[in-house]
$ cat query31.cif   # mmCIF, C-alpha atoms
data_protein
#
loop_
_atom_site.group_PDB
_atom_site.id
_atom_site.type_symbol
_atom_site.label_atom_id
_atom_site.label_comp_id
_atom_site.auth_asym_id
_atom_site.auth_seq_id
_atom_site.Cartn_x
_atom_site.Cartn_y
_atom_site.Cartn_z
ATOM 1 C CA MET D 1 68.066 109.554 82.499
ATOM 2 C CA LEU D 2 69.178 108.689 86.003
ATOM 3 C CA PRO D 3 67.991 110.045 89.365
ATOM 4 C CA VAL D 4 70.585 112.117 91.204
ATOM 5 C CA ASP D 5 70.011 110.037 94.345
ATOM 6 C CA TRP D 6 71.771 107.025 92.849
ATOM 7 C CA TYR D 7 75.060 108.857 92.519
ATOM 8 C CA LEU D 8 74.689 110.109 96.091
ATOM 9 C CA ILE D 9 74.019 106.551 97.298
ATOM 10 C CA VAL D 10 77.210 105.340 95.604
ATOM 11 C CA SER D 11 79.020 108.246 97.234
ATOM 12 C CA ALA D 12 77.581 107.324 100.655
ATOM 13 C CA ILE D 13 78.603 103.678 100.230
ATOM 14 C CA LEU D 14 82.167 104.637 99.230
ATOM 15 C CA PHE D 15 82.410 107.041 102.180
ATOM 16 C CA THR D 16 81.225 104.318 104.578
ATOM 17 C CA ILE D 17 83.774 101.858 103.194
ATOM 18 C CA GLY D 18 86.440 104.482 103.889
ATOM 19 C CA VAL D 19 85.192 104.962 107.460
ATOM 20 C CA ILE D 20 85.196 101.201 108.071
ATOM 21 C CA GLY D 21 88.715 101.002 106.641
ATOM 22 C CA VAL D 22 89.954 103.650 109.070
ATOM 23 C CA LEU D 23 88.281 101.805 111.942
ATOM 24 C CA ILE D 24 89.380 98.225 111.287
ATOM 25 C CA ARG D 25 92.808 98.468 109.652
ATOM 26 C CA ARG D 26 95.925 99.126 111.703
ATOM 27 C CA ASN D 27 98.460 99.658 108.939
ATOM 28 C CA PRO D 28 98.893 103.465 108.804
ATOM 29 C CA LEU D 29 99.324 103.414 105.001
ATOM 30 C CA ILE D 30 96.005 101.645 104.468
ATOM 31 C CA ILE D 31 94.295 104.020 106.928
ATOM 32 C CA PHE D 32 95.662 106.839 104.781
ATOM 33 C CA MET D 33 94.261 105.211 101.631
ATOM 34 C CA SER D 34 90.868 104.950 103.343
ATOM 35 C CA ILE D 35 90.993 108.679 104.036
ATOM 36 C CA GLU D 36 91.659 109.253 100.333
ATOM 37 C CA LEU D 37 88.643 107.059 99.588
ATOM 38 C CA MET D 38 86.457 109.253 101.806
ATOM 39 C CA LEU D 39 87.733 112.437 100.118
ATOM 40 C CA ASN D 40 86.885 110.943 96.745
ATOM 41 C CA ALA D 41 83.413 109.900 97.853
ATOM 42 C CA VAL D 42 82.723 113.502 98.836
ATOM 43 C CA ASN D 43 84.141 114.666 95.491
ATOM 44 C CA LEU D 44 81.606 112.456 93.733
ATOM 45 C CA SER D 45 78.827 114.198 95.700
ATOM 46 C CA PHE D 46 80.248 117.598 94.719
ATOM 47 C CA VAL D 47 80.328 116.728 91.025
ATOM 48 C CA THR D 48 76.817 115.256 91.233
ATOM 49 C CA PHE D 49 75.423 118.413 92.802
ATOM 50 C CA SER D 50 77.359 120.548 90.336
ATOM 51 C CA HIS D 51 75.626 118.670 87.542
ATOM 52 C CA TYR D 52 72.250 118.794 89.276
ATOM 53 C CA LEU D 53 72.386 122.548 89.999
ATOM 54 C CA ASP D 54 73.905 123.204 86.555
ATOM 55 C CA SER D 55 76.763 125.226 88.022
ATOM 56 C CA VAL D 56 80.537 124.803 87.873
ATOM 57 C CA ASP D 57 80.993 125.795 91.540
ATOM 58 C CA GLY D 58 80.888 122.158 92.674
ATOM 59 C CA GLN D 59 83.655 121.268 90.232
ATOM 60 C CA MET D 60 85.679 124.167 91.598
ATOM 61 C CA PHE D 61 85.361 122.742 95.104
ATOM 62 C CA VAL D 62 86.516 119.363 93.780
ATOM 63 C CA PHE D 63 89.545 121.057 92.225
ATOM 64 C CA LEU D 64 90.428 122.709 95.562
ATOM 65 C CA VAL D 65 89.813 119.456 97.485
ATOM 66 C CA LEU D 66 92.179 117.727 95.058
ATOM 67 C CA THR D 67 94.905 120.273 95.789
ATOM 68 C CA VAL D 68 94.389 119.998 99.531
ATOM 69 C CA ALA D 69 94.460 116.194 99.242
ATOM 70 C CA ALA D 70 97.773 116.341 97.373
ATOM 71 C CA ALA D 71 99.288 118.564 100.084
ATOM 72 C CA GLU D 72 97.846 116.307 102.782
ATOM 73 C CA VAL D 73 99.314 113.184 101.180
ATOM 74 C CA VAL D 74 102.760 114.788 100.959
ATOM 75 C CA VAL D 75 102.822 115.791 104.620
ATOM 76 C CA GLY D 76 101.096 112.621 105.845
ATOM 77 C CA LEU D 77 103.436 110.272 104.009
ATOM 78 C CA ALA D 78 106.424 112.269 105.284
ATOM 79 C CA ILE D 79 105.128 111.787 108.841
ATOM 80 C CA ILE D 80 104.593 108.039 108.251
ATOM 81 C CA VAL D 81 108.111 107.654 106.814
ATOM 82 C CA SER D 82 109.629 109.461 109.787
ATOM 83 C CA ILE D 83 107.616 107.256 112.168
ATOM 84 C CA PHE D 84 108.917 104.157 110.384
ATOM 85 C CA ARG D 85 112.454 105.512 110.736
ATOM 86 C CA THR D 86 112.264 105.728 114.507
ATOM 87 C CA ARG D 87 110.262 102.576 115.225
ATOM 88 C CA ARG D 88 110.133 99.247 113.430
ATOM 89 C CA ASP D 89 106.549 98.215 114.145
ATOM 90 C CA ILE D 90 103.613 98.990 111.926
ATOM 91 C CA ASP D 91 100.603 98.918 114.274
ATOM 92 C CA VAL D 92 98.785 102.238 114.841
ATOM 93 C CA ASP D 93 97.610 100.924 118.221
ATOM 94 C CA ASP D 94 101.226 101.319 119.377
ATOM 95 C CA MET D 95 101.409 104.962 118.328
ATOM 96 C CA ASN D 96 99.538 106.502 121.216
ATOM 97 C CA ILE D 97 102.033 109.120 122.378
ATOM 98 C CA LEU D 98 102.924 112.360 120.609
ATOM 99 C CA ARG D 99 106.688 111.974 120.879
ATOM 100 C CA GLY D 100 109.360 109.808 119.302
ATOM 101 C CA MET M 1 74.152 108.018 74.922
ATOM 102 C CA THR M 2 70.692 106.532 75.153
ATOM 103 C CA ASP M 3 68.976 105.988 78.497
ATOM 104 C CA THR M 4 69.676 102.274 78.502
ATOM 105 C CA GLN M 5 73.366 102.789 77.841
ATOM 106 C CA LEU M 6 73.513 105.373 80.628
ATOM 107 C CA LEU M 7 71.739 103.011 83.032
ATOM 108 C CA VAL M 8 73.947 100.021 82.205
ATOM 109 C CA SER M 9 77.155 102.066 82.407
ATOM 110 C CA PHE M 10 76.053 103.555 85.738
ATOM 111 C CA PHE M 11 75.413 100.158 87.313
ATOM 112 C CA VAL M 12 78.611 98.650 85.943
ATOM 113 C CA LEU M 13 80.580 101.620 87.287
ATOM 114 C CA ALA M 14 78.780 101.572 90.634
ATOM 115 C CA VAL M 15 79.381 97.858 91.235
ATOM 116 C CA ALA M 16 82.978 98.071 90.014
ATOM 117 C CA SER M 17 83.871 101.114 92.114
ATOM 118 C CA VAL M 18 82.307 99.691 95.289
ATOM 119 C CA ALA M 19 84.045 96.338 94.711
ATOM 120 C CA ALA M 20 87.400 98.070 94.192
ATOM 121 C CA ALA M 21 86.821 100.172 97.319
ATOM 122 C CA ILE M 22 86.118 97.028 99.363
ATOM 123 C CA GLY M 23 89.356 95.661 97.944
ATOM 124 C CA VAL M 24 91.239 98.682 99.323
ATOM 125 C CA ILE M 25 90.271 97.861 102.901
ATOM 126 C CA SER M 26 90.330 94.058 102.679
ATOM 127 C CA PHE M 27 93.608 93.193 100.906
ATOM 128 C CA ARG M 28 96.324 92.027 103.294
ATOM 129 C CA ASN M 29 99.140 93.406 101.161
ATOM 130 C CA ALA M 30 99.427 97.211 101.087
ATOM 131 C CA VAL M 31 100.564 97.185 97.432
ATOM 132 C CA HIS M 32 97.369 95.386 96.420
ATOM 133 C CA SER M 33 95.348 97.927 98.406
ATOM 134 C CA ALA M 34 97.081 100.782 96.586
ATOM 135 C CA LEU M 35 96.405 99.190 93.180
ATOM 136 C CA SER M 36 92.775 98.692 94.168
ATOM 137 C CA LEU M 37 92.564 102.351 95.185
ATOM 138 C CA ILE M 38 93.922 103.364 91.757
ATOM 139 C CA LEU M 39 91.126 101.286 90.184
ATOM 140 C CA THR M 40 88.530 103.026 92.377
ATOM 141 C CA LEU M 41 89.871 106.450 91.373
ATOM 142 C CA LEU M 42 89.729 105.533 87.675
ATOM 143 C CA PHE M 43 86.109 104.382 88.025
ATOM 144 C CA LEU M 44 85.293 107.660 89.792
ATOM 145 C CA ALA M 45 86.878 109.539 86.865
ATOM 146 C CA LEU M 46 84.480 107.677 84.565
ATOM 147 C CA PHE M 47 81.606 108.756 86.853
ATOM 148 C CA TYR M 48 82.775 112.356 86.444
ATOM 149 C CA LEU M 49 82.793 111.928 82.669
ATOM 150 C CA GLN M 50 79.239 110.590 82.863
ATOM 151 C CA LEU M 51 78.260 113.690 84.878
ATOM 152 C CA GLY M 52 79.792 115.996 82.261
ATOM 153 C CA ALA M 53 82.776 117.142 84.340
ATOM 154 C CA MET M 54 85.475 116.608 81.715
ATOM 155 C CA PHE M 55 88.220 118.695 83.301
ATOM 156 C CA ILE M 56 87.736 117.120 86.735
ATOM 157 C CA ALA M 57 87.827 113.640 85.193
ATOM 158 C CA VAL M 58 91.129 114.353 83.447
ATOM 159 C CA VAL M 59 92.610 115.988 86.538
ATOM 160 C CA GLN M 60 91.440 113.032 88.643
ATOM 161 C CA ILE M 61 93.357 110.623 86.410
ATOM 162 C CA LEU M 62 96.469 112.835 86.132
ATOM 163 C CA ILE M 63 96.784 114.042 89.731
ATOM 164 C CA TYR M 64 95.075 111.365 91.796
ATOM 165 C CA ALA M 65 95.532 108.104 89.941
ATOM 166 C CA GLY M 66 98.834 109.382 88.602
ATOM 167 C CA ALA M 67 100.859 111.592 90.901
ATOM 168 C CA ILE M 68 99.362 110.898 94.334
ATOM 169 C CA MET M 69 99.177 107.137 93.893
ATOM 170 C CA VAL M 70 102.738 107.008 92.565
ATOM 171 C CA LEU M 71 103.780 108.697 95.813
ATOM 172 C CA PHE M 72 101.730 106.147 97.762
ATOM 173 C CA LEU M 73 103.204 103.167 95.919
ATOM 174 C CA PHE M 74 106.699 104.600 96.339
ATOM 175 C CA VAL M 75 106.286 104.822 100.110
ATOM 176 C CA VAL M 76 104.572 101.416 100.331
ATOM 177 C CA THR M 77 107.351 99.663 98.433
ATOM 178 C CA MET M 78 110.017 101.630 100.323
ATOM 179 C CA LEU M 79 108.637 100.449 103.655
ATOM 180 C CA ALA M 80 107.596 96.969 102.503
ATOM 181 C CA SER M 81 110.920 95.371 103.404
ATOM 182 C CA GLU M 82 110.595 96.563 106.974
ATOM 183 C CA SER M 83 107.068 95.316 107.506
ATOM 184 C CA SER M 84 105.554 91.923 106.943
ATOM 185 C CA ASP M 85 102.577 91.524 104.650
ATOM 186 C CA THR M 86 100.257 90.398 107.402
ATOM 187 C CA GLU M 87 99.234 92.552 110.309
ATOM 188 C CA LEU M 88 99.824 91.476 113.891
ATOM 189 C CA PRO M 89 96.961 89.748 115.687
ATOM 190 C CA ASP M 90 94.331 92.222 116.770
ATOM 191 C CA ARG M 91 94.722 93.409 120.349
ATOM 192 C CA ILE M 92 91.244 94.976 120.428
ATOM 193 C CA PRO M 93 89.226 92.068 119.015
ATOM 194 C CA TRP M 94 85.793 93.655 119.349
ATOM 195 C CA GLN M 95 86.637 96.708 117.230
ATOM 196 C CA ARG M 96 85.982 94.878 113.943
ATOM 197 C CA GLY M 97 82.387 94.043 114.861
ATOM 198 C CA VAL M 98 81.717 97.494 116.281
ATOM 199 C CA ALA M 99 83.156 99.078 113.112
ATOM 200 C CA ALA M 100 80.886 96.926 110.913
ATOM 201 C CA VAL M 101 77.796 97.856 112.964
ATOM 202 C CA LEU M 102 78.684 101.567 112.967
ATOM 203 C CA GLY M 103 79.388 101.472 109.232
ATOM 204 C CA LEU M 104 76.017 99.871 108.509
ATOM 205 C CA ALA M 105 74.360 102.498 110.740
ATOM 206 C CA LEU M 106 76.144 105.283 108.830
ATOM 207 C CA VAL M 107 75.214 104.035 105.368
ATOM 208 C CA GLY M 108 71.668 103.410 106.607
ATOM 209 C CA ALA M 109 71.346 106.929 107.988
ATOM 210 C CA LEU M 110 72.773 108.508 104.823
ATOM 211 C CA SER M 111 70.478 106.459 102.577
ATOM 212 C CA TYR M 112 67.491 107.284 104.789
ATOM 213 C CA LEU M 113 68.257 110.998 104.499
ATOM 214 C CA LEU M 114 68.638 110.720 100.739
ATOM 215 C CA PHE M 115 65.419 108.776 100.228
ATOM 216 C CA THR M 116 63.293 110.938 102.522
ATOM 217 C CA ASN M 117 64.924 114.190 101.273
ATOM 218 C CA THR M 118 64.742 115.716 104.756
ATOM 219 C CA ALA M 119 68.281 117.075 104.632
ATOM 220 C CA ILE M 120 68.080 118.730 101.244
ATOM 221 C CA ALA M 121 64.378 119.504 100.883
ATOM 222 C CA PRO M 122 64.504 123.100 102.232
ATOM 223 C CA ARG M 123 67.099 124.120 99.633
ATOM 224 C CA THR M 124 65.311 122.692 96.650
ATOM 225 C CA THR M 125 61.742 123.898 96.908
ATOM 226 C CA GLY M 126 59.604 124.253 93.819
ATOM 227 C CA ALA M 127 60.069 122.422 90.584
ATOM 228 C CA ASN M 128 63.540 121.161 91.507
ATOM 229 C CA SER M 129 63.319 118.092 93.671
ATOM 230 C CA LEU M 130 66.241 115.847 94.444
ATOM 231 C CA SER M 131 64.939 113.225 92.041
ATOM 232 C CA HIS M 132 65.904 115.584 89.236
ATOM 233 C CA MET M 133 67.212 113.546 86.360
ATOM 234 C CA VAL M 134 70.818 113.212 85.336
ATOM 235 C CA GLY M 135 71.240 113.213 81.610
ATOM 236 C CA PRO M 136 73.899 114.014 79.068
ATOM 237 C CA GLN M 137 74.867 117.630 79.541
ATOM 238 C CA ASN M 138 77.799 119.786 78.587
ATOM 239 C CA HIS M 139 79.747 121.734 81.139
ATOM 240 C CA SER M 140 82.343 123.280 78.932
ATOM 241 C CA ILE M 141 85.887 123.583 80.153
ATOM 242 C CA GLU M 142 85.634 127.231 79.125
ATOM 243 C CA ALA M 143 83.043 127.901 81.845
ATOM 244 C CA PHE M 144 85.253 126.106 84.373
ATOM 245 C CA GLY M 145 88.291 128.186 83.421
ATOM 246 C CA LEU M 146 86.351 131.434 83.591
ATOM 247 C CA ALA M 147 85.053 130.579 87.062
ATOM 248 C CA LEU M 148 88.509 129.481 88.215
ATOM 249 C CA PHE M 149 90.262 132.704 87.195
ATOM 250 C CA HIS M 150 87.476 135.150 88.010
ATOM 251 C CA GLY M 151 85.154 134.118 90.840
ATOM 252 C CA PHE M 152 87.590 131.703 92.459
ATOM 253 C CA ALA M 153 90.841 133.528 91.715
ATOM 254 C CA PHE M 154 91.644 134.178 95.391
ATOM 255 C CA PRO M 155 91.158 130.558 96.620
ATOM 256 C CA PHE M 156 93.182 129.446 93.605
ATOM 257 C CA GLU M 157 96.064 131.705 94.604
ATOM 258 C CA VAL M 158 95.841 130.679 98.274
ATOM 259 C CA THR M 159 96.217 127.085 97.058
ATOM 260 C CA SER M 160 99.754 127.902 95.922
ATOM 261 C CA LEU M 161 100.585 129.054 99.460
ATOM 262 C CA LEU M 162 99.239 125.759 100.804
ATOM 263 C CA ILE M 163 101.437 123.796 98.396
ATOM 264 C CA VAL M 164 104.534 125.769 99.428
ATOM 265 C CA VAL M 165 103.762 125.037 103.093
ATOM 266 C CA ALA M 166 103.290 121.333 102.266
ATOM 267 C CA ILE M 167 106.645 121.206 100.444
ATOM 268 C CA LEU M 168 108.374 122.856 103.405
ATOM 269 C CA GLY M 169 106.668 120.422 105.805
ATOM 270 C CA ALA M 170 107.779 117.432 103.755
ATOM 271 C CA LEU M 171 111.342 118.813 103.695
ATOM 272 C CA VAL M 172 111.357 119.273 107.474
ATOM 273 C CA PHE M 173 110.090 115.734 108.063
ATOM 274 C CA GLY M 174 112.387 114.253 105.445
ATOM 275 C CA ARG M 175 115.572 115.691 106.942
ATOM 276 C CA LYS M 176 117.883 113.309 108.736
ATOM 277 C CA ALA M 177 116.874 113.788 112.353
#
$ encode --input "query31.cif" --output "structure tokens"
Amino acid sequence: MLPVDWYLIVSAILFTIGVIGVLIRRNPLIIFMSIELMLNAVNLSFVTFSHYLDSVDGQMFVFLVLTVAAAEVVVGLAIIVSIFRTRRDIDVDDMNILRG
Amino acid sequence: MTDTQLLVSFFVLAVASVAAAIGVISFRNAVHSALSLILTLLFLALFYLQLGAMFIAVVQILIYAGAIMVLFLFVVTMLASESSDTELPDRIPWQRGVAAVLGLALVGALSYLLFTNTAIAPRTTGANSLSHMVGPQNHSIEAFGLALFHGFAFPFEVTSLLIVVAILGALVFGRKA
């Protein structure tokens, strides 16, 4: 038997690693992966609370988050590919204007 | 599973998933980061299995570790020839230290909230405290399906609209400009 807190601590650690990844990396693809990491950390919290409250609602939220994440990845990767088409460099610090 | 097995598997999974997550943000090569992220997602699927969420665990492996990461790896390898493996020297050198300090502050604050129960205490008065135990438990897929197509039927249908919009967005961005 395990305390629920432990799962939430793992979730918090994974979320923080994702935040740090977004802050320190400048490759847009790896920043995107860090965002996925944060989404998954929150999913772990949802499943933990679903188990703890003995209700499937948390799992339903995870299912919807998964769908939203898939849509987000499709659009985000399309944006990254079109950015790479117009400019050769990879650094997000260079992408500070909202036009091509 | 006995308590000891549950405990050992939890700690193995926790250490492995955190190590793989650190790998995601510390590998120089984007392909290695993507592979490390796949590992993290698989470990999370095992966590879901441990928590009795069978359907979510399977969907996590199929959709996340499968479909989404294939898309990621496709884009990474497609763009790999145009970008070098190493990033350019950092033009904002202090941001690494600040990010580490802020990250430690965030994980500290979250852990503090969890251990003192201040954030969740009002919702769980009475016999249920947050240190409720996690044990083997069965959430049947039947209950999940019933909830999905009855209580959550409308969000489920709206999801299809979202996917259509995402497909159209990807088409618009993918067109030759």
$ atom_distance --input "query31.cif" --atom1 "atom CA of D:Ala70" --atom2 "atom CA of M:Ile68"
6.4 Å
$ closest_residue --input "query31.cif" --among "M:Ala57, M:Leu46, M:Leu106, M:Val165" --to "D:Leu14" --atoms "only C-alpha atoms"
M:Leu106
$ residues_around --input "query31.cif" --residues "D:Gln59" --least-positions-apart "5" --cutoff "8 Å" --atoms "only C-alpha atoms" --output "number ranges by chain"
D: 46-47, 50; M: 53, 56, 144
$ closest_atom_pairs --input "query31.cif" --of "chain D" --to "chain M" --cutoff "8 Å" --atoms "all atoms listed in the file" --output "CSV"
residue,atom,partner,partner_atom,distance
D:Met1,CA,M:Gly135,CA,4.9
D:Leu2,CA,M:Val134,CA,4.9
D:Pro3,CA,M:Met133,CA,4.7
D:Val4,CA,M:Ser131,CA,5.8
D:Asp5,CA,M:Ser131,CA,6.4
D:Leu8,CA,M:Leu114,CA,7.7
D:Ile9,CA,M:Ser111,CA,6.4
D:Val10,CA,M:Ala14,CA,6.4
D:Ala12,CA,M:Val107,CA,6.2
D:Ile13,CA,M:Val107,CA,6.2
D:Leu14,CA,M:Val18,CA,6.3
D:Thr16,CA,M:Gly103,CA,5.8
D:Ile17,CA,M:Ile22,CA,6.6
D:Gly18,CA,M:Ile25,CA,7.7
D:Val19,CA,M:Gly103,CA,7.0
D:Ile20,CA,M:Ala99,CA,5.8
D:Gly21,CA,M:Ile25,CA,5.1
D:Leu23,CA,M:Ala99,CA,5.9
D:Ile24,CA,M:Arg96,CA,5.5
D:Arg25,CA,M:Ile25,CA,7.2
D:Arg26,CA,M:Glu87,CA,7.5
D:Asn27,CA,M:Glu87,CA,7.3
D:Leu29,CA,M:Val76,CA,7.3
D:Ile30,CA,M:Ala30,CA,6.5
D:Met33,CA,M:Leu37,CA,7.3
D:Ser34,CA,M:Ile25,CA,7.1
D:Leu37,CA,M:Ala21,CA,7.5
D:Asn40,CA,M:Leu41,CA,7.6
D:Leu44,CA,M:Leu44,CA,7.2
D:Val47,CA,M:Tyr48,CA,6.8
D:Thr48,CA,M:Leu51,CA,6.7
D:His51,CA,M:Leu51,CA,6.2
D:Tyr52,CA,M:Val134,CA,7.0
D:Val56,CA,M:Phe144,CA,6.0
D:Asp57,CA,M:Ala147,CA,7.7
D:Gln59,CA,M:Ile56,CA,6.8
D:Met60,CA,M:Leu148,CA,6.9
D:Val62,CA,M:Ile56,CA,7.5
D:Phe63,CA,M:Ile56,CA,7.0
D:Leu64,CA,M:Thr159,CA,7.4
D:Leu66,CA,M:Tyr64,CA,7.7
D:Thr67,CA,M:Thr159,CA,7.1
D:Val68,CA,M:Leu162,CA,7.6
D:Ala70,CA,M:Ile68,CA,6.4
D:Ala71,CA,M:Ala166,CA,5.3
D:Glu72,CA,M:Ala166,CA,7.4
D:Val73,CA,M:Ile68,CA,7.2
D:Val74,CA,M:Ala170,CA,6.3
D:Val75,CA,M:Ala170,CA,5.3
D:Leu77,CA,M:Val75,CA,7.3
D:Ala78,CA,M:Ala170,CA,5.6
D:Ile79,CA,M:Phe173,CA,6.4
D:Val81,CA,M:Val75,CA,7.5
D:Ser82,CA,M:Phe173,CA,6.5
D:Phe84,CA,M:Leu79,CA,7.7
D:Arg88,CA,M:Glu82,CA,7.0
D:Asp89,CA,M:Ser83,CA,7.3
D:Ile90,CA,M:Ser83,CA,6.7
D:Asp91,CA,M:Leu88,CA,7.5
$ axis_aligned_box --input "query31.cif" --around "stretch 66-80 of chain D" --padding-each-side "6 Å" --output "AutoDock Vina command-line options"
--center_x 99.3 --center_y 114.2 --center_z 101.9 --size_x 26.2 --size_y 24.2 --size_z 25.8
$ atom_distance --input "query31.cif" --atom1 "atom CA of D:Pro28" --atom2 "atom CA of M:Val58"
28.7 Å
$ atom_distance --input "query31.cif" --atom1 "atom CA of M:Ala65" --atom2 "atom CA of M:Leu35"
9.5 Å
$ residues_around --input "query31.cif" --residues "D:Phe15" --least-positions-apart "6" --cutoff "8 Å" --atoms "only C-alpha atoms" --output "number ranges by chain"
D: 37-39, 41-42
